[in-house]
Structure formats: C-alpha cells, structure tokens
>>> print(open('work14.cif').read())   # mmCIF, C-alpha atoms
data_upload
#
loop_
_atom_site.label_atom_id
_atom_site.label_comp_id
_atom_site.auth_asym_id
_atom_site.auth_seq_id
_atom_site.Cartn_x
_atom_site.Cartn_y
_atom_site.Cartn_z
CA MET F 129 0.00 0.00 0.00
CA ASP F 130 1.40 3.37 -1.02
CA ILE F 131 1.40 6.02 1.63
CA THR F 132 -0.33 8.91 -0.03
CA ARG F 133 -0.93 12.21 1.68
CA ARG F 134 -4.61 11.33 2.08
CA ARG F 135 -3.87 7.95 3.70
CA LEU F 136 -1.29 9.44 6.04
CA LEU F 137 -3.85 11.99 7.24
CA VAL F 138 -6.22 9.14 8.11
CA LEU F 139 -3.56 6.87 9.61
CA LEU F 140 -1.90 9.37 11.97
CA PRO F 141 -4.90 10.11 14.23
CA ALA F 142 -5.83 6.41 14.22
CA ALA F 143 -2.31 5.51 15.39
CA ALA F 144 -2.45 8.21 18.08
CA VAL F 145 -5.71 6.82 19.48
CA ALA F 146 -4.31 3.25 19.40
CA TRP F 147 -1.12 4.35 21.23
CA LYS F 148 -3.19 5.99 24.00
CA PHE F 149 -4.95 2.66 24.62
CA VAL F 150 -1.60 0.85 24.79
CA LEU F 151 -0.24 3.33 27.35
CA ALA F 152 -3.34 3.23 29.55
CA GLY F 153 -2.98 -0.46 30.41
CA THR F 154 -4.79 -1.99 33.38
CA PRO F 155 -4.31 -0.38 36.78
CA GLU F 156 -2.82 -2.56 39.48
CA ALA F 157 -4.83 -2.88 42.69
CA ALA F 158 -3.20 -3.11 46.13
CA PRO F 159 -2.13 -6.74 46.58
CA ASN F 160 -4.20 -8.93 48.93
CA TYR F 161 -6.70 -6.16 49.47
CA LYS F 162 -10.28 -6.85 48.46
CA LEU F 163 -12.59 -3.86 48.11
CA THR F 164 -15.67 -5.90 48.92
CA GLU F 165 -14.37 -7.22 52.25
CA HIS F 166 -14.25 -3.91 54.13
CA TRP F 167 -16.56 -1.11 55.20
CA TRP F 168 -14.52 1.57 56.91
CA GLY F 169 -15.50 3.96 59.66
CA MET F 170 -14.02 5.48 62.78
CA LEU F 171 -14.73 5.55 66.49
CA ILE F 172 -14.04 8.72 68.48
CA ASP F 173 -14.08 8.44 72.25
CA ILE F 174 -14.65 12.05 73.36
CA PRO F 175 -13.92 11.49 77.09
CA LYS F 176 -10.43 10.26 76.12
CA CYS F 177 -9.45 13.22 73.91
CA ILE F 178 -6.83 15.52 75.48
CA GLY F 179 -6.71 17.99 72.57
CA CYS F 180 -2.97 17.50 72.02
CA GLY F 181 -3.23 17.98 68.25
CA SER F 182 -1.10 14.95 67.39
CA CYS F 183 -3.76 13.80 64.92
CA VAL F 184 -3.82 17.19 63.16
CA ARG F 185 -0.02 17.31 62.84
CA ALA F 186 0.26 13.68 61.68
CA CYS F 187 -2.51 14.22 59.13
CA ALA F 188 -0.78 17.30 57.73
CA GLU F 189 2.53 15.43 57.39
CA GLU F 190 0.97 12.28 55.97
CA ASN F 191 -1.20 14.04 53.40
CA ASP F 192 0.80 17.18 52.68
CA VAL F 193 -2.09 19.39 53.85
CA PRO F 194 -1.39 23.08 53.13
CA GLU F 195 -0.80 25.47 56.04
CA GLY F 196 -4.06 26.87 57.36
CA TYR F 197 -6.20 24.04 55.98
CA TYR F 198 -7.28 20.90 57.86
CA ARG F 199 -8.45 17.45 56.89
CA THR F 200 -8.99 16.82 60.57
CA TRP F 201 -9.16 19.34 63.40
CA ILE F 202 -10.03 19.57 67.08
CA GLU F 203 -12.68 21.82 68.60
CA ARG F 204 -12.79 22.88 72.23
CA TYR F 205 -16.33 23.19 73.53
CA HIS F 206 -17.32 25.36 76.44
CA VAL F 207 -20.95 25.03 77.52
CA THR F 208 -22.15 27.25 80.33
CA ASP F 209 -24.77 25.72 82.57
CA TRP F 210 -28.00 25.07 80.63
CA LYS F 211 -27.08 26.91 77.39
CA ILE F 212 -26.73 23.74 75.38
CA GLU F 213 -27.75 25.44 72.13
CA ARG F 214 -25.15 28.19 72.53
CA PRO F 215 -21.81 26.43 73.02
CA GLU F 216 -18.61 28.44 72.70
CA VAL F 217 -16.38 26.63 70.23
CA GLU F 218 -12.75 27.42 69.49
CA SER F 219 -10.15 25.72 67.34
CA PRO F 220 -6.91 27.75 67.22
CA ASP F 221 -4.94 26.61 64.14
CA GLY F 222 -7.21 23.55 64.06
CA GLY F 223 -5.71 22.51 67.41
CA LYS F 224 -2.49 21.68 65.58
CA GLN F 225 -0.20 22.86 68.40
CA GLY F 226 -2.49 21.75 71.20
CA PHE F 227 -4.57 24.23 73.20
CA PRO F 228 -3.32 27.10 75.37
CA PRO F 229 -3.62 26.69 79.13
CA HIS F 230 -7.19 27.10 80.23
CA ALA F 231 -8.31 27.31 83.84
CA ASP F 232 -11.68 25.94 84.88
CA ASP F 233 -14.15 28.71 84.01
CA GLY F 234 -17.26 26.87 85.08
CA GLY F 235 -19.64 24.92 82.92
CA LYS F 236 -18.66 22.00 80.77
CA ASN F 237 -15.43 21.81 78.74
CA PHE F 238 -14.36 19.09 76.36
CA PHE F 239 -12.59 18.44 73.04
CA VAL F 240 -14.22 17.10 69.88
CA PRO F 241 -11.98 15.87 67.05
CA LYS F 242 -13.62 16.29 63.63
CA LEU F 243 -12.94 14.78 60.25
CA CYS F 244 -14.81 13.56 57.17
CA ASN F 245 -17.64 11.28 58.30
CA HIS F 246 -17.29 9.06 55.21
CA CYS F 247 -21.06 9.10 54.76
CA ALA F 248 -22.65 6.15 53.01
CA GLU F 249 -25.17 8.56 51.43
CA SER F 250 -22.72 11.44 51.14
CA PRO F 251 -24.18 14.78 50.01
CA CYS F 252 -20.83 15.87 48.53
CA THR F 253 -20.77 12.88 46.18
CA GLN F 254 -24.34 13.49 45.08
CA VAL F 255 -23.67 17.06 43.92
CA CYS F 256 -20.41 16.44 42.01
CA PRO F 257 -21.23 17.18 38.36
CA VAL F 258 -18.31 15.23 36.87
CA GLY F 259 -17.93 12.10 39.01
CA ALA F 260 -14.71 13.35 40.61
CA THR F 261 -15.78 12.35 44.09
CA PHE F 262 -17.27 9.02 45.04
CA VAL F 263 -17.89 6.44 47.73
CA THR F 264 -15.61 3.45 47.16
CA PRO F 265 -17.00 -0.09 47.46
CA ASP F 266 -15.26 -0.25 50.88
CA GLY F 267 -17.04 2.87 52.14
CA VAL F 268 -14.46 5.66 51.85
CA VAL F 269 -15.31 9.00 50.22
CA LEU F 270 -12.43 9.95 47.90
CA VAL F 271 -11.60 12.72 45.42
CA ASP F 272 -10.16 11.99 41.98
CA LYS F 273 -7.75 14.92 41.65
CA SER F 274 -7.35 14.48 37.90
CA TYR F 275 -11.13 14.72 37.36
CA CYS F 276 -12.01 17.52 39.78
CA LEU F 277 -12.87 20.86 38.17
CA GLY F 278 -12.67 22.81 41.43
CA CYS F 279 -16.29 24.01 41.09
CA ARG F 280 -16.80 23.97 44.91
CA TYR F 281 -20.28 22.38 44.85
CA CYS F 282 -19.05 19.67 47.20
CA VAL F 283 -17.48 22.20 49.58
CA GLN F 284 -20.83 23.86 50.21
CA ALA F 285 -22.74 20.56 50.16
CA CYS F 286 -20.82 18.95 53.04
CA PRO F 287 -22.88 19.52 56.20
CA TYR F 288 -19.78 18.95 58.35
CA GLY F 289 -17.48 21.49 56.67
CA CYS F 290 -14.88 18.84 55.92
CA ARG F 291 -13.85 19.96 52.44
CA PHE F 292 -11.69 22.75 51.08
CA ILE F 293 -10.09 23.78 47.80
CA ASN F 294 -6.35 23.16 47.83
CA PRO F 295 -4.76 26.53 47.01
CA LYS F 296 -1.99 24.85 44.98
CA THR F 297 -3.89 22.27 42.92
CA LYS F 298 -7.22 24.23 42.93
CA THR F 299 -9.06 20.94 43.40
CA ALA F 300 -11.31 19.75 46.22
CA GLU F 301 -9.56 18.04 49.09
CA LYS F 302 -10.66 16.17 52.17
CA CYS F 303 -9.82 13.34 54.56
CA SER F 304 -9.20 10.16 52.56
CA LEU F 305 -9.25 8.03 55.73
CA CYS F 306 -5.57 7.48 54.79
CA TYR F 307 -6.74 5.18 52.01
CA HIS F 308 -3.10 4.61 50.97
CA ARG F 309 -2.40 3.30 54.49
CA ILE F 310 -5.48 1.25 55.33
CA THR F 311 -5.25 -0.67 52.06
CA LYS F 312 -1.69 -1.65 53.06
CA GLY F 313 -2.80 -2.99 56.43
CA LEU F 314 -1.74 0.10 58.43
CA THR F 315 -4.04 2.31 60.47
CA THR F 316 -4.68 5.97 59.60
CA ALA F 317 -2.05 8.58 60.51
CA CYS F 318 -4.33 10.18 63.14
CA CYS F 319 -5.18 6.84 64.79
CA GLU F 320 -1.50 5.84 64.70
CA VAL F 321 -0.38 8.83 66.78
CA CYS F 322 -3.38 9.31 69.08
CA PRO F 323 -1.74 8.88 72.51
CA THR F 324 -4.92 8.05 74.44
CA GLY F 325 -6.75 5.84 71.96
CA ALA F 326 -9.47 8.46 71.49
CA ARG F 327 -9.47 7.68 67.77
CA GLN F 328 -9.82 4.17 66.44
CA LEU F 329 -10.14 3.02 62.87
CA ALA F 330 -13.03 0.59 62.49
CA ASP F 331 -13.79 -2.00 59.83
CA LEU F 332 -17.54 -2.47 60.14
CA LYS F 333 -17.55 -5.51 57.85
CA ASN F 334 -15.02 -7.38 59.98
CA PRO F 335 -16.99 -9.31 62.63
CA LYS F 336 -13.87 -9.53 64.82
CA ASP F 337 -13.39 -5.75 64.96
CA PRO F 338 -13.80 -4.51 68.58
CA ILE F 339 -16.10 -1.74 67.26
CA HIS F 340 -19.09 -4.10 67.35
CA GLU F 341 -18.71 -4.83 71.08
CA PHE F 342 -18.10 -1.15 71.75
CA LEU F 343 -21.21 0.00 69.88
CA LYS F 344 -23.28 -2.54 71.79
CA ALA F 345 -22.04 -1.43 75.21
CA HIS F 346 -21.90 2.36 74.85
CA THR F 347 -24.08 5.36 74.08
CA VAL F 348 -22.80 6.30 70.65
CA GLN F 349 -23.93 9.06 68.31
CA VAL F 350 -23.07 10.37 64.84
CA LEU F 351 -22.94 14.07 63.94
CA LYS F 352 -26.16 15.59 62.55
CA PRO F 353 -28.12 12.30 62.44
CA HIS F 354 -31.23 14.20 61.26
CA MET F 355 -29.53 14.77 57.90
CA ALA F 356 -29.49 11.01 57.21
CA THR F 357 -26.09 11.14 55.56
CA GLY F 358 -25.15 7.65 56.74
CA ALA F 359 -22.17 9.06 58.68
CA LYS F 360 -19.67 6.39 59.76
CA VAL F 361 -17.66 8.33 62.33
CA PHE F 362 -19.13 7.29 65.67
CA TYR F 363 -18.77 9.53 68.71
CA ASN F 364 -18.85 8.04 72.19
CA GLY F 365 -19.95 10.25 75.08
CA MET F 366 -20.90 13.15 72.85
CA ASP F 367 -22.68 16.07 74.48
CA GLY F 368 -25.89 17.37 72.91
CA SER F 369 -24.27 20.75 72.28
CA VAL F 370 -21.89 19.35 69.65
CA ARG F 371 -22.73 20.53 66.14
CA MET K 266 -68.52 34.25 43.11
CA SER K 267 -65.98 31.49 43.16
CA ASN K 268 -68.67 28.88 42.43
CA ILE K 269 -69.73 30.66 39.26
CA THR K 270 -66.14 30.84 37.96
CA ALA K 271 -65.63 27.15 38.65
CA SER K 272 -68.70 26.02 36.71
CA CYS K 273 -67.76 28.24 33.74
CA ASP K 274 -64.31 26.71 33.72
CA ILE K 275 -65.63 23.13 33.64
CA HIS K 276 -68.04 23.95 30.84
CA HIS K 277 -65.20 25.45 28.78
CA ARG K 278 -63.03 22.35 29.25
CA PHE K 279 -65.79 19.99 28.13
CA ARG K 280 -66.27 22.03 24.96
CA GLU K 281 -62.53 21.99 24.27
CA ALA K 282 -62.33 18.19 24.63
CA TYR K 283 -65.30 17.75 22.32
CA LEU K 284 -63.74 19.89 19.58
CA VAL K 285 -60.39 18.07 19.74
CA SER K 286 -61.97 14.60 19.48
CA LYS K 287 -64.09 15.78 16.54
CA TYR K 288 -60.99 17.03 14.70
CA ILE K 289 -59.10 13.73 15.24
CA ALA K 290 -62.06 11.75 13.88
CA GLN K 291 -62.18 13.92 10.74
CA PHE K 292 -58.41 13.53 10.13
CA GLY K 293 -58.59 9.72 10.49
CA ALA K 294 -61.42 9.56 7.98
CA GLN K 295 -59.43 11.65 5.49
CA ILE K 296 -56.35 9.33 5.69
CA ARG K 297 -58.50 6.21 5.19
CA ALA K 298 -60.15 7.78 2.15
CA GLU K 299 -56.92 8.88 0.40
CA GLY K 300 -54.81 5.76 1.23
CA ILE K 301 -51.04 5.55 1.77
CA GLY K 302 -48.31 4.04 -0.49
CA ALA K 303 -49.59 1.89 -3.36
CA GLU K 304 -52.55 4.09 -4.27
CA ASN K 305 -50.40 7.23 -3.89
CA PRO K 306 -46.94 6.77 -5.64
CA ASP K 307 -46.06 10.47 -5.30
CA LEU K 308 -45.48 10.03 -1.58
CA PHE K 309 -42.00 8.41 -2.07
CA LYS K 310 -40.99 10.60 -5.04
CA ASP K 311 -38.23 12.45 -3.08
CA ILE K 312 -37.00 9.51 -1.00
CA GLU K 313 -33.29 10.41 -1.72
CA HIS K 314 -33.55 13.36 0.64
CA LEU K 315 -34.61 11.06 3.46
CA ILE K 316 -31.77 8.62 2.74
CA ARG K 317 -29.21 11.44 2.75
CA LEU K 318 -30.54 12.62 6.10
CA ALA K 319 -30.38 9.06 7.47
CA VAL K 320 -26.73 8.73 6.34
CA VAL K 321 -25.76 12.02 8.00
CA ILE K 322 -27.41 10.94 11.26
CA ALA K 323 -25.73 7.49 11.12
CA VAL K 324 -22.27 9.03 10.53
CA ALA K 325 -22.76 11.51 13.38
CA LEU K 326 -23.84 8.68 15.68
CA VAL K 327 -20.80 6.53 14.82
CA ALA K 328 -18.48 9.54 15.29
CA PHE K 329 -20.05 10.23 18.69
CA VAL K 330 -19.65 6.61 19.84
CA LEU K 331 -16.00 6.47 18.68
CA LEU K 332 -15.12 9.83 20.24
CA ARG K 333 -16.79 8.88 23.49
CA ALA K 334 -14.85 5.60 23.63
CA ALA K 335 -11.59 7.51 23.07
CA VAL K 336 -12.25 10.34 25.54
CA VAL K 337 -13.93 8.57 28.49
CA PRO K 338 -11.34 6.65 30.56
CA HIS K 339 -11.53 2.84 30.44
CA SER K 340 -12.37 2.40 34.09
CA PHE K 341 -15.13 5.02 34.20
CA GLY K 342 -18.24 3.23 35.42
CA GLN K 343 -16.33 0.19 36.69
CA TYR K 344 -17.76 0.64 40.21
CA GLY K 345 -20.05 3.62 39.71
CA HIS K 346 -20.20 7.06 38.12
CA TYR K 347 -16.47 7.70 38.54
CA ARG K 348 -13.04 6.59 37.29
CA GLY K 349 -12.43 3.18 38.89
CA ALA K 350 -8.66 3.47 38.38
CA ALA K 351 -8.65 6.48 40.77
CA ILE K 352 -9.08 4.05 43.69
CA SER K 353 -5.83 2.20 43.02
CA GLU K 354 -4.04 5.47 42.19
CA ILE K 355 -4.96 6.92 45.58
CA ALA K 356 -4.14 3.63 47.32
CA SER K 357 -0.66 3.51 45.77
CA ARG K 358 0.56 6.78 47.32
CA PRO K 359 3.62 6.36 49.57
CA VAL K 360 3.14 6.61 53.34
CA ALA K 361 4.83 9.32 55.47
CA LEU K 362 4.36 7.78 58.91
CA ALA K 363 6.16 4.45 59.17
CA GLY K 364 4.05 3.20 62.09
CA HIS K 365 5.32 2.17 65.54
CA ALA K 366 5.73 -1.48 64.52
CA THR K 367 8.40 -0.44 62.00
CA CYS K 368 10.23 1.72 64.57
CA GLU K 369 10.20 -1.08 67.13
CA GLY K 370 11.97 -3.39 64.69
CA CYS K 371 15.26 -1.50 65.26
CA HIS K 372 14.87 0.60 68.42
CA THR K 373 14.44 -2.29 70.85
CA ASP K 374 16.21 -0.43 73.67
CA ILE K 375 13.58 2.34 73.56
CA VAL K 376 10.80 -0.25 73.51
CA ASP K 377 12.20 -1.78 76.72
CA GLN K 378 12.37 1.68 78.32
CA LYS K 379 8.80 2.55 77.34
CA LYS K 380 7.43 -0.74 78.67
CA LEU K 381 8.38 0.38 82.22
CA GLY K 382 6.29 3.56 82.11
CA LYS K 383 2.96 5.01 81.10
CA HIS K 384 4.22 6.18 77.70
CA VAL K 385 4.10 2.60 76.43
CA VAL K 386 0.80 3.47 74.70
CA VAL K 387 2.20 6.52 72.88
CA ALA K 388 3.34 5.81 69.32
CA CYS K 389 6.86 6.96 68.39
CA GLU K 390 5.74 9.35 65.65
CA ALA K 391 3.27 11.14 67.94
CA CYS K 392 6.28 13.08 69.29
CA HIS K 393 9.04 12.45 66.74
CA GLY K 394 6.95 13.25 63.66
CA ALA K 395 6.59 11.40 60.34
CA LEU K 396 9.70 9.27 59.77
CA ALA K 397 8.98 6.75 57.02
CA LYS K 398 11.93 8.25 55.11
CA HIS K 399 14.20 7.53 58.07
CA ALA K 400 12.88 3.95 58.19
CA ASP K 401 13.66 3.51 54.49
CA ASP K 402 17.14 5.01 54.75
CA PRO K 403 18.27 5.27 58.41
CA ALA K 404 21.77 6.48 57.56
CA SER K 405 21.01 9.60 55.54
CA VAL K 406 17.68 10.77 57.03
CA GLN K 407 18.00 11.59 60.72
CA PRO K 408 15.13 12.71 62.96
CA LYS K 409 15.28 16.20 64.43
CA LYS K 410 16.14 16.75 68.09
CA LEU K 411 12.93 17.60 69.94
CA ASP K 412 12.33 20.56 72.25
CA THR K 413 10.65 18.87 75.19
CA ALA K 414 9.38 22.19 76.55
CA VAL K 415 7.11 22.34 73.48
CA VAL K 416 6.44 18.67 72.77
CA CYS K 417 5.46 17.60 76.31
CA SER K 418 3.21 20.58 76.97
CA ARG K 419 1.04 19.82 73.97
CA CYS K 420 -0.35 16.86 75.90
CA HIS K 421 0.34 17.79 79.52
CA GLU K 422 -0.43 21.53 79.65
CA ALA K 423 -3.32 21.98 82.09
CA ASN K 424 -6.65 22.60 80.42
CA SER K 425 -10.08 22.31 81.97
CA ALA K 426 -11.34 20.49 78.87
CA LYS K 427 -8.92 17.58 79.42
CA PRO K 428 -10.13 14.47 81.23
CA LYS K 429 -9.65 14.94 85.00
CA ASP K 430 -7.60 11.73 85.39
CA PHE K 431 -5.09 12.76 82.73
CA PRO K 432 -1.77 13.98 84.22
CA GLN K 433 -1.48 17.71 83.49
CA VAL K 434 0.48 20.66 84.85
CA ALA K 435 0.54 24.41 84.34
CA THR K 436 4.07 24.47 82.90
CA ALA K 437 4.70 28.07 83.99
CA ASP K 438 4.25 27.07 87.66
CA HIS K 439 5.63 23.55 87.34
CA SER K 440 8.94 24.17 85.61
CA GLY K 441 9.09 27.82 84.62
CA GLY K 442 9.56 26.92 80.98
CA ILE K 443 12.74 24.83 81.29
CA ALA K 444 12.99 21.71 79.12
CA CYS K 445 11.04 18.80 80.63
CA ASP K 446 13.86 16.33 79.98
CA THR K 447 15.99 18.20 82.52
CA CYS K 448 14.22 16.02 85.10
CA HIS K 449 11.97 13.59 83.24
CA GLN K 450 13.11 10.89 80.87
CA PRO K 451 10.53 11.18 78.06
CA HIS K 452 10.34 7.46 77.23
CA ARG K 453 9.78 6.63 80.91
CA PRO K 454 8.59 9.89 82.46
CA LYS K 455 7.99 8.99 86.12
CA ILE K 456 10.84 10.32 88.25
CA GLU K 457 12.25 7.64 90.56
CA ALA K 458 13.25 8.55 94.11
CA ALA K 459 16.98 8.09 93.41
CA LYS K 460 16.90 10.46 90.49
CA ILE K 461 15.16 13.21 92.47
CA GLU K 462 17.86 13.07 95.13
CA THR K 463 20.73 13.38 92.69
CA GLU K 464 19.28 15.74 90.13
CA GLY K 465 17.24 18.06 92.29
CA LYS K 466 13.88 19.65 91.73
CA LYS K 467 10.76 18.07 90.51
#
>>> encode(input="work14.cif", output="structure tokens")
Amino acid sequence: MDITRRRLLVLLPAAAVAWKFVLAGTPEAAPNYKLTEHWWGMLIDIPKCIGCGSCVRACAEENDVPEGYYRTWIERYHVTDWKIERPEVESPDGGKQGFPPHADDGGKNFFVPKLCNHCAESPCTQVCPVGATFVTPDGVVLVDKSYCLGCRYCVQACPYGCRFINPKTKTAEKCSLCYHRITKGLTTACCEVCPTGARQLADLKNPKDPIHEFLKAHTVQVLKPHMATGAKVFYNGMDGSVR
Amino acid sequence: MSNITASCDIHHRFREAYLVSKYIAQFGAQIRAEGIGAENPDLFKDIEHLIRLAVVIAVALVAFVLLRAAVVPHSFGQYGHYRGAAISEIASRPVALAGHATCEGCHTDIVDQKKLGKHVVVACEACHGALAKHADDPASVQPKKLDTAVVCSRCHEANSAKPKDFPQVATADHSGGIACDTCHQPHRPKIEAAKIETEGKK
C-alpha cells in the first residue's frame, strides 16, 4: 500500500488513538486487598481526647495538607450551665499545636476531634457534576484529583465542613481516611499517633473488629443524624451541644 | 362568586375536549379515504432526501460513539459514576508515617524503656513526627532533636477540657519553661526517688 498524503492523514490520528490505549494499560490494585471485604469507619471516644493535636499534625505530614487548611481538626467546647444550644467553640490553628492553658471557668469543657464522616449517602458525592468524588465499594469518600474541576459544589454541600479547595492544585480536598495506608494494612495517621486511643479506625464488615462490642455497650452518636447522611464516624460520650 | 367561575371553567373544558376529538375523527377519515403508499406513488418521489438525512445521522452517531470511547477513561463506570482506576491510584501513594511497629523493629532499647512507664501506649511518631523516610534510609535521614518544653506541653499543659484523670500541669508554675527532659526521661517519664535526690527539683 502506497502512503499517499490522504492515507497518512487518516492513519496518523488512528495511530495516536491506538497508542493511547496501549499506554493506559490496566491499573494494578493493592495486593491482597479486596474492596468488597471492608466497610470503613471510625470511632471517636470524646472522654479520652486531650486535645494534644497529634492527629492534626500527623494528618498534615501524611497528606501534605497546606498550612491553614485541615483534613482533621479539634474543637474545644465550652458550655455554660444550661445553654446547650449556645456552646462556645474554638479551634486555634485547628488545634495543631495543642490548646493554650485554660483554667476551669465553670460549665462544661471538652474536646471534639472532627474529620470527614465518610457518609454512606454522602451529600458531597451526590452534587459532584463530573464524578470526581465518590464512595468506594469499601465505604471511603475519595476525590479523583485528575477529574475535579474545582467548582466547589461539594465544599458547600458537606454539612460537616470537611472539604476545602487546595490553594496549589485548585481541586477539592478532604480526609481520605488514609486510604493509601489502610489498604496496606496500616491504620490511619491520626489513629497511629493518638496517645490516648481516642481515635480508632473501624472495619464495620469485619466481625472480629472490637467496634461491634463497643457500639453494643456504649451510648454512641453520629454528627447531625437528622440529615441522614449515613455518617460512619461514631462519637462516644458526645454532648448534645456538639454541632 | 368562586362557584360561578368554577362552573364556567368546567363547561369550557368539556367544549374543548369535544372539539379536539371531533378534529381527530375527521383527520382519520381523510387518511383512510386517500390511502397511503400503493394508491399514492407520489409520496415516495423524493426519497433520496430522506436517505441522505439518514446517512448524515448514522455518521454523526458513529463519530459520537467512537469519540466517546476515546475520551472517556476505560475504568469510568467500573464501580459507579467515577473513574475506577482512581481508587488504586490513591491507594498507591507512599506513606509518610512508618508506624510504631516499624520503629520497634530496630529501636528495641527504647521499647524496653517505654514498657516500664505510662508512655508505652504513645506511638513513636506522635512526638518524633513522620519518619517513614528515616525507616527507608536510616543512615542519611535523621530525625530532628525535639524541644521537650514544646512537645510535652502539647499533651500535659493543664486545660479544663482535658479528662480529670489525665496527668497535666501548668508548665509556667511547674517548671518555669525549662525543658522537661531536665528532670523527666521522656520514654519513661515517672521520676524515681533516686533520680530526684541526685538531680534536684521536681
């Protein structure tokens, strides 16, 4: 077959398309990890939290979180007497360097660590117009950086304020439940460093996980249950003033 | 007043429905009378125009299907309305925190120290920071020396929001800002009687 100008013009784009398919290949999954065998969540034991900020620092190091942004943070609640609907909440630098000394000023004081709730019916996933954010088959809400347009719909849709736009990449970012760690058999960065065991990673599909016994024996709550988001971060001993 | 309007409205609608059904009946009768196809050869006189249109639509459809196959990533829709390959891409990121099990593989002396005190439950990287790079290459990547006056107070600075049974001090009163490891050994923080005698203040 002679290569005429006309044939070359047809062949070149065809070859380009074919080459793209060759390069794409099949992605390799994490070895020995089966998506269908897990359903991830987290347990947060509020009475154990000392507000040291280890989780916030570890998260920032593990996930290269930009300064001034938080994938997880700690809030200090101060509830005076009966004013349960008017709690005073502070979170200096997300609690990254711990909290300044604070004398007993009456009322109730406690720390609440926050992070993405990895909702089973997540509002952020439902509003994404391009399929850049999704719930994985093992129950983790992730962001596909290469697909995200940075339109911010998800940021305003999250009822827990867990998302932000990364100032460098201009794409949506959030807690990934250290997906690159838990699929390798490690725990999340925040759970790894928590000195009091206030945070515990939980695999709800694993019948041997201590979470099941804990949920049975304790008074456990999720944040904003009335929104029916299917939140999977369970709070033990949570006061009614927590928003 | 409102009753009168309502009855007028219903009357009007009935009339409308009657007129429409009458028109459809007339149109049907007309088609039956004239016939389609065999009795009326002029109907397919300009069929080429229709074929040309059909070809254009078919070509556009094929082009759309081909383009879509080329542009949409392979794994899109594998698990849902997203790129399935993104899952393994995110999972394959390198870790920054090695995990205490990795640290304990080499630093057995520290493990023995920690076992004697309350800090046995505290993971190495809670104070020392992310050190997976050190674990990969212990010779060239060395952890930073810690300032115990800062590191210890993050957990042990007195705060009314901390659990009452958690050991906490107001560092200004307790030590006046001097480094905690002047007296305490961080891996085994309780000061033994002998050490207090020799090294002074609590």
>>> closest_residue(input="work14.cif", among="K:Ala363, K:Val320, K:Ala400, K:Leu411", to="chain F", atoms="all atoms listed in the file")
K:Ala363
>>> resolve_selection(input="work14.cif", expression="the PyMOL selection byres ((chain K and resi 379) around 12)", output="ChimeraX atom specification")
/K:369,372-378,380-389,450-455
>>> resolve_selection(input="work14.cif", expression="the PyMOL selection byres ((chain K) within 6 of (chain F))", output="JSON, numbers by chain")
{"K": [346, 347, 351, 353, 356, 357, 358, 361, 387, 388, 391, 419, 420, 423, 424, 425, 426, 427]}
>>> resolve_selection(input="work14.cif", expression="the PyMOL selection byres ((chain F and resi 202) around 6)", output="list of chain:residue names")
F:Trp201, F:Glu203, F:Gly222, F:Gly223, F:Val240, F:Pro241, F:Lys242
>>> atom_distance(input="work14.cif", atom1="CA of Val330 (chain K)", atom2="CA of Ala142 (chain F)")
14.9 Å
>>> atom_distance(input="work14.cif", atom1="CA of Lys336 (chain F)", atom2="CA of Glu249 (chain F)")
25.2 Å
